[in-house]
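Q: protein.txt is reproduced below (compact mmCIF, C-alpha atoms and all ligand atoms).
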```txt
# COMPACT_ATOMS: atom_id res chain seq x y z
CA MET A 118 0.00 0.00 0.00
CA LYS A 119 1.73 3.12 -1.20
CA HIS A 120 -0.96 5.67 -0.56
CA GLY A 121 -2.65 6.37 2.71
CA PRO A 122 -5.40 8.87 2.00
CA ARG A 123 -6.85 8.32 5.45
CA TRP A 124 -3.95 9.91 7.24
CA ARG A 125 -2.80 12.09 4.37
CA MET A 126 -5.90 14.23 4.86
CA LYS A 127 -5.15 14.67 8.51
CA ASN A 128 -1.51 15.52 8.11
CA PRO A 129 -1.29 19.24 8.70
CA ALA A 130 0.61 20.77 5.81
CA GLY A 131 2.60 22.93 8.14
CA ARG A 132 5.73 24.77 7.23
CA PHE A 133 7.81 22.40 9.30
CA GLY A 134 8.07 18.79 8.41
CA ARG A 135 6.58 19.47 5.00
CA ARG A 136 9.84 18.95 3.20
CA PHE A 137 10.62 15.57 4.68
CA ASP A 138 7.43 14.35 6.19
CA ALA A 139 4.58 15.78 4.17
CA ASN A 140 3.36 12.37 3.12
CA ARG A 141 4.25 10.54 6.25
CA PRO A 142 1.93 10.14 9.21
CA SER A 143 3.13 10.80 12.72
CA ALA A 144 4.96 8.06 14.56
CA ALA A 145 1.97 7.34 16.75
CA ARG A 146 -0.32 7.12 13.77
CA ARG A 147 2.00 4.68 12.05
CA GLY A 148 1.67 2.47 15.09
CA TYR A 149 4.66 3.49 17.13
CA GLY A 150 2.74 4.76 20.10
CA ARG A 151 2.43 3.33 23.56
CA ARG A 152 1.20 -0.09 22.55
CA TRP A 153 4.20 -0.50 20.26
CA GLN A 154 6.60 0.65 22.97
CA ARG A 155 5.32 -2.12 25.21
CA ILE A 156 5.78 -4.80 22.55
CA ARG A 157 9.16 -3.37 21.70
CA GLN A 158 10.39 -3.50 25.27
CA ARG A 159 9.19 -7.08 25.61
CA LYS A 160 10.99 -8.08 22.43
CA LEU A 161 14.25 -6.45 23.47
CA LYS A 162 14.04 -8.19 26.82
CA ALA A 163 13.44 -11.56 25.19
CA ASN A 164 16.11 -11.00 22.52
CA PRO A 165 18.62 -8.48 23.83
CA LEU A 166 21.14 -9.17 21.05
CA CYS A 167 21.13 -8.11 17.41
CA GLN A 168 19.82 -11.07 15.48
CA HIS A 169 21.48 -10.06 12.21
CA CYS A 170 24.90 -9.71 13.82
CA LEU A 171 24.51 -13.11 15.44
CA ALA A 172 23.38 -14.68 12.16
CA ASP A 173 26.27 -13.07 10.27
CA GLY A 174 28.83 -14.22 12.83
CA ARG A 175 29.65 -10.72 14.06
CA GLY A 176 29.09 -11.96 17.57
CA PRO A 177 26.89 -10.63 20.32
CA VAL A 178 25.97 -7.00 19.72
CA PRO A 179 23.40 -5.37 22.00
CA ALA A 180 20.17 -4.69 20.13
CA ASN A 181 18.43 -1.36 20.57
CA GLU A 182 15.94 -1.47 17.72
CA VAL A 183 12.99 -3.73 17.03
CA ASP A 184 12.37 -4.38 13.36
CA HIS A 185 9.42 -5.79 11.43
CA ILE A 186 10.79 -8.71 9.44
CA ILE A 187 7.96 -8.21 6.97
CA PRO A 188 7.62 -4.42 6.85
CA SER A 189 4.52 -3.15 8.56
CA GLN A 190 2.03 -1.06 6.61
CA GLY A 191 0.68 0.53 9.75
CA ILE A 192 -1.53 -0.20 12.71
CA ASP A 193 -4.15 -2.03 10.64
CA ASP A 194 -1.56 -4.47 9.37
CA PRO A 195 -1.56 -7.69 11.42
CA ASN A 196 2.18 -7.96 10.76
CA HIS A 197 2.62 -4.85 12.83
CA TRP A 198 1.56 -6.51 16.07
CA ASP A 199 2.73 -10.05 15.36
CA GLU A 200 5.63 -10.75 17.68
CA ASP A 201 6.77 -13.54 15.39
CA ASN A 202 7.33 -10.85 12.79
CA LEU A 203 9.71 -8.91 15.01
CA GLN A 204 13.46 -9.11 15.36
CA SER A 205 15.90 -7.30 17.62
CA LEU A 206 18.57 -5.39 15.74
CA CYS A 207 21.40 -3.01 16.49
CA LYS A 208 21.15 0.44 14.94
CA PRO A 209 23.44 -0.17 11.93
CA CYS A 210 21.63 -3.41 11.06
CA HIS A 211 18.25 -1.74 11.42
CA SER A 212 19.27 1.14 9.13
CA ARG A 213 20.55 -1.33 6.57
CA LYS A 214 17.35 -3.37 6.75
CA THR A 215 15.14 -0.29 6.46
CA LEU A 216 17.11 0.88 3.44
CA SER A 217 16.87 -2.44 1.67
CA ASP A 218 13.12 -2.59 2.42
CA MET A 219 12.77 0.85 0.86
CA ARG A 220 14.79 -0.13 -2.19
CA ALA A 221 12.60 -3.19 -2.56
CA GLY A 222 9.58 -0.88 -2.42
CA LEU A 223 8.27 -2.64 0.65
CA THR A 224 8.13 0.39 2.84
CA ARG A 225 8.20 4.16 2.56
ZN ZN B 301 23.55 -5.83 14.11
```
Would you kindly transcribe this structure into structure tokens?
Ligand SMILES: [Zn+2]

A:
Amino acid sequence: MKHGPRWRMKNPAGRFGRRFDANRPSAARRGYGRRWQRIRQRKLKANPLCQHCLADGRGPVPANEVDHIIPSQGIDDPNHWDEDNLQSLCKPCHSRKTLSDMRAGLTR
């Protein structure tokens, strides 16, 4: 889903944020509000190490990001809340994953 008319209407076309974020809903609206924070904390507690670094043999690196393995399309996407769809990542791994998701057109 590339277009989100539901939130696009509500996004105030303010002077600030327009350049970078005009077509992007707020973090809370995208599903990164309180409910997400709870799931995120639980995931990091269960898997405190970056799963990509472990898989790639870089050894134990503390994770500080929680990533959707299948990119979430927002709060209405069941993948968003599915803990089996989450992985703990360190910041560099998360940035890399986000970038490759974007290149693949899977996420904005
Ligand atoms: Zn990593």

Q: With distances taken over only C-alpha atoms, which of A:Leu216, A:Ala221, A:Leu206, A:Ala163 is nearest to Pro177 of chain A?

A: A:Leu206

Q: Using all atoms listed in the file, can you tell me which of A:Arg147, A:His197, A:Arg175, A:Arg152 comes closest to ligand ZN 301 (chain B)?

A: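 The shortest atom-to-atom distance to ligand ZN 301 (chain B) comes from A:Arg175.
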
Q: Please write out the residues within 8 Å of ligand ZN 301 (chain B) as a tab-separated table (two decimals) with C-alpha atoms, keeping the file's coordinate frame, counting all atoms listed in the file.

A:
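Final file, result15.tsv:
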```tsv
chain	number	residue	atom	x	y	z
A	167	CYS	CA	21.13	-8.11	17.41
A	168	GLN	CA	19.82	-11.07	15.48
A	169	HIS	CA	21.48	-10.06	12.21
A	170	CYS	CA	24.90	-9.71	13.82
A	171	LEU	CA	24.51	-13.11	15.44
A	175	ARG	CA	29.65	-10.72	14.06
A	178	VAL	CA	25.97	-7.00	19.72
A	179	PRO	CA	23.40	-5.37	22.00
A	180	ALA	CA	20.17	-4.69	20.13
A	206	LEU	CA	18.57	-5.39	15.74
A	207	CYS	CA	21.40	-3.01	16.49
A	208	LYS	CA	21.15	0.44	14.94
A	209	PRO	CA	23.44	-0.17	11.93
A	210	CYS	CA	21.63	-3.41	11.06
A	211	HIS	CA	18.25	-1.74	11.42
```

Q: Here is a test: counting only C-alpha atoms, which residue of A:Ile192, A:Asn181, A:Arg213, A:Asp218 is nearest to Leu161 of chain A?

A: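 Distance minimum relative to Leu161 of chain A lands on A:Asn181.
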
Q: Could you check which of A:Ser212, A:Ala144, A:Leu203, A:Asp173 is closest to Gln158 of chain A, using only C-alpha atoms?

A: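 Closest to Gln158 of chain A of all the choices is A:Leu203.
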
Q: So how many Å separate atom CA of Thr215 of chain A and atom CA of Asn164 of chain A, to one decimal?

A: 19.3 Å

Q: Would you kindly identify which residues have an atom no farther than 12 Å from (2.2, 3.5, 16.7), using all atoms listed in the file and the file's own coordinates, and write them out as a list of chain:residue names?

A: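 Every residue inside that radius is included here: A:Pro142, A:Ser143, A:Ala144, A:Ala145, A:Arg146, A:Arg147, A:Gly148, A:Tyr149, A:Gly150, A:Arg151, A:Arg152, A:Trp153, A:Gln154, A:Arg155, A:Ile156, A:Arg157, A:Ser189, A:Gln190, A:Gly191, A:Ile192, A:Asp193, A:Asp194, A:His197, A:Trp198.
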
Q: Restricting it to C-alpha atoms, dump the selection as a short mmCIF file (atom, residue, chain, number, x, y, z; two decimals), in the coordinates of the input.

A:
```cif
data_model
loop_
_atom_site.label_atom_id
_atom_site.label_comp_id
_atom_site.auth_asym_id
_atom_site.auth_seq_id
_atom_site.Cartn_x
_atom_site.Cartn_y
_atom_site.Cartn_z
CA PRO A 142 1.93 10.14 9.21
CA SER A 143 3.13 10.80 12.72
CA ALA A 144 4.96 8.06 14.56
CA ALA A 145 1.97 7.34 16.75
CA ARG A 146 -0.32 7.12 13.77
CA ARG A 147 2.00 4.68 12.05
CA GLY A 148 1.67 2.47 15.09
CA TYR A 149 4.66 3.49 17.13
CA GLY A 150 2.74 4.76 20.10
CA ARG A 151 2.43 3.33 23.56
CA ARG A 152 1.20 -0.09 22.55
CA TRP A 153 4.20 -0.50 20.26
CA GLN A 154 6.60 0.65 22.97
CA ARG A 155 5.32 -2.12 25.21
CA ILE A 156 5.78 -4.80 22.55
CA ARG A 157 9.16 -3.37 21.70
CA SER A 189 4.52 -3.15 8.56
CA GLN A 190 2.03 -1.06 6.61
CA GLY A 191 0.68 0.53 9.75
CA ILE A 192 -1.53 -0.20 12.71
CA ASP A 193 -4.15 -2.03 10.64
CA ASP A 194 -1.56 -4.47 9.37
CA HIS A 197 2.62 -4.85 12.83
CA TRP A 198 1.56 -6.51 16.07
#
```

Q: Quick check, in Å to one decimal: how far apart do atom CA of Asp201 of chain A and atom CA of Lys162 of chain A lie?

A: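 Atom CA of Lys162 of chain A lies at a distance of 14.6 Å from atom CA of Asp201 of chain A.
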
Q: One decimal, Å: what's the distance from atom CA of Leu166 of chain A over to atom CA of Ile187 of chain A, could you say?

A: 19.3 Å

Q: Could you work out an axis-aligned box for segment 149-154 of chain A, taking every atom the file lists and adding 5 Å on each side, and report centre and edge lengths in Å to one decimal, as JSON?

A:
```
{"center_x": 3.9, "center_y": 2.1, "center_z": 20.3, "size_x": 15.4, "size_y": 15.3, "size_z": 16.4}
```
